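Step one of this worksheet: look at the structure below.
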Amino acid sequence: MSEERTGFRLWAAAEPDLCAIVTADDRRISYGELFAEVNRISHGLREHAGLRTGDTVAAVMTNSAGLVALYLAAMQSGLYLVTLNYHLTEPEVAYILADSGAKVVVGSERVEHVVVAAAGSTAAGSTDGIQVFVDGTPTSDRAQPLSALTAGQPATSPEQTPAGSLMMYTSGTTGRPKGVKRPLSGVDADTGALTYTWLFREFGMERPAFASWLVCAPMYHSANITGAMGALHAGGTMVLMDGWTPEGFLRRVQDRRVTGTSMVPTHFYRLLQLPPQVRESYDVSSLRYVLHGAAPCPREVKQRILDWFGPVVYEYYGSTEVGTTVARPEQWLAHPGTVGRPASISTLKILDELGNEVPAGQTGIVYMRQGDDRVEYHNDPGKTDGARRDGLMTVWDVGHVDADGFLYITGRAAELILVGGVNVYPAEIEAALLEHEWVADAGVVGVPDPEFGEVPQAHLVLGETAPGADAALAELRRHLADRLAKPKRPVSYVVRDALPRDPNGKLYKARLTPRTQVSA
């Protein structure tokens, strides 16, 4: 791989026969083939779907070549791309489609029924509502195949290629997800791709790490799609997994001589549960770079993974909204438990409740900013303003820095629950529970879990019309299954006579200690 060339479009033009993607079923796609499809989608989004610079397209897709092509097309068409968790329910998808203003949504075959229902009842091909395309063969008259978007479109690059942007959705203070939106840069796609040179440098990513980059976690998450696209901008090969199992991961690493990947602590935990003889039967010596974040990782777990994989495990802390810290292997070993120091263009301050910066070693709220970045929560200026202080932004994590400037996260001021790296907000679960006539009051908190880090636990007061606790909880589980994605569903329930509230109705969640607990 050339050290000077950065950008998928440049690699496709220079080395079209180079392998860009190995799909989950081991189909190989060259840079030239992928670029041709990207261009057809770009033309189709503009000419067939009528999208213009600044418009929004949504994807509810599994890890696939179709998602990769759609992403790259949006990034060279000046569009906002919203990637949705394909496990979301129809009401959850419908809310994000409406809030983001998506004019086009593309879904994988397996979630077509959810996407169609969420997009509404406008006829297929109509521009009056959200246009629905399926990456495959649709079964509904409401949707068109993705091939209908690209049919007859040229495989050559559009004349104008303005850079697009991801708009990721994260939980908000009301329990509803909020889109994190940045202004479009105004540069062309090739210039936009050069931001990856900064990413490579900050994370110590040498280009050979991307020679065989395994995408083992869903690309609807920004951390995973960013690393995956880094492989293509570096002239590497993206190796896809669609569905993760511990041995499936190890087999993919061994068979494809994987050099790099992005993971979450839940992956580490599950790998370490394998019997030693199983772990030792796979060759992971090809790994040069394992990036992890999204959720706290217990020190013991990370140390065991470092002992197994070698000093190739790099940690990051940050979010879609704020800046980034990086902990390289040698830094973490010297400062166990740290999530790293700020990247070169990131500003980090620990502030108290009054906004005063606290000294090293003292706990406070973590505020950050990436360069001169100024993000906003789409359609929620109140949340945007509430999270800002002196040009910095917080997601309400609590932590401290040591004398060497390394950050340690010790908790969350907000009530956000991180379930294996998935953001879960209690207010959304509480609202769904309170929709049921048998629930008189509800409060949801996070409780520790050895596999996922933490999981939701619901504390309930049942109404007078409710049957016994066992029957009521069985019905409530069915009720939530139709409304919430699996990570949001409580893993356990505590039935109470009353919840601890003050005279103004504020719930004292710190007092929600288990009494009668029923596993879900």
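Each chain in the structure tokens gets a letter, A, B and so on, in the order shown; residues start at 1 in every chain, and ligands are counted from 1 in the order they appear.
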
- Message: Considering only helix (DSSP H, G or I) as DSSP defines it on the backbone, what residues of region 137-232 of chain A qualify? List them as a PyMOL selection string.
- Response: chain A and resi 146-150+189-193+195-202+207-210+222-232

Keeping C-alpha atoms for every residue in the selection just given, could you write it to a file as a CSV table (one decimal), in the first residue's frame?
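Listed below is the output, selection.csv:
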chain,number,residue,atom,x,y,z
A,146,LEU,CA,-31.9,-0.9,-4.6
A,147,SER,CA,-31.2,-1.9,-8.2
A,148,ALA,CA,-34.2,0.4,-9.2
A,149,LEU,CA,-32.2,3.3,-7.9
A,150,THR,CA,-29.1,2.4,-9.9
A,189,ALA,CA,-15.0,14.1,-1.1
A,190,ASP,CA,-11.3,13.6,-1.9
A,191,THR,CA,-10.3,16.4,0.4
A,192,GLY,CA,-12.7,15.1,3.1
A,193,ALA,CA,-11.0,11.7,3.0
A,195,THR,CA,-9.2,13.7,7.6
A,196,TYR,CA,-8.2,10.0,7.9
A,197,THR,CA,-4.6,10.9,7.8
A,198,TRP,CA,-5.1,12.7,11.2
A,199,LEU,CA,-7.0,9.6,12.5
A,200,PHE,CA,-4.2,7.3,11.5
A,201,ARG,CA,-1.6,9.4,13.2
A,202,GLU,CA,-3.6,10.0,16.4
A,207,ARG,CA,-1.4,1.4,7.2
A,208,PRO,CA,-0.4,-2.3,7.3
A,209,ALA,CA,-3.0,-2.6,10.1
A,210,PHE,CA,-5.7,-2.1,7.5
A,222,SER,CA,-20.0,5.3,14.3
A,223,ALA,CA,-16.9,3.7,15.8
A,224,ASN,CA,-17.2,0.6,13.7
A,225,ILE,CA,-18.1,2.3,10.4
A,226,THR,CA,-15.3,4.8,10.9
A,227,GLY,CA,-12.6,2.1,11.3
A,228,ALA,CA,-14.1,0.1,8.4
A,229,MET,CA,-14.0,3.0,6.0
A,230,GLY,CA,-10.5,3.8,7.2
A,231,ALA,CA,-9.4,0.5,5.7
A,232,LEU,CA,-10.8,1.6,2.3

Using only C-alpha atoms, tabulate the residues of region 390-444 of chain A lying at most 7 Å from any atom of region 288-297 of chain A, each with its closest atom pair and that distance in Å to one decimal, by chain and increasing residue number, as a Markdown table.
| residue | atom | partner | partner_atom | distance |
| --- | --- | --- | --- | --- |
| A:Leu418 | CA | A:Ala295 | CA | 6.3 |
| A:Gly420 | CA | A:Ala295 | CA | 6.6 |
| A:Gly421 | CA | A:Ala294 | CA | 4.7 |

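When only C-alpha atoms are used to measure the gap to Ala217 (chain A), the shortest distance among A:Met75, A:Pro467, A:Lys103, A:Val422 belongs to A:Val422.
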
- Contacts of Ile365 (chain A) at 6 Å (only C-alpha atoms; same-chain gap of 5+ positions) as a PyMOL selection string: chain A and resi 350-351+397-398
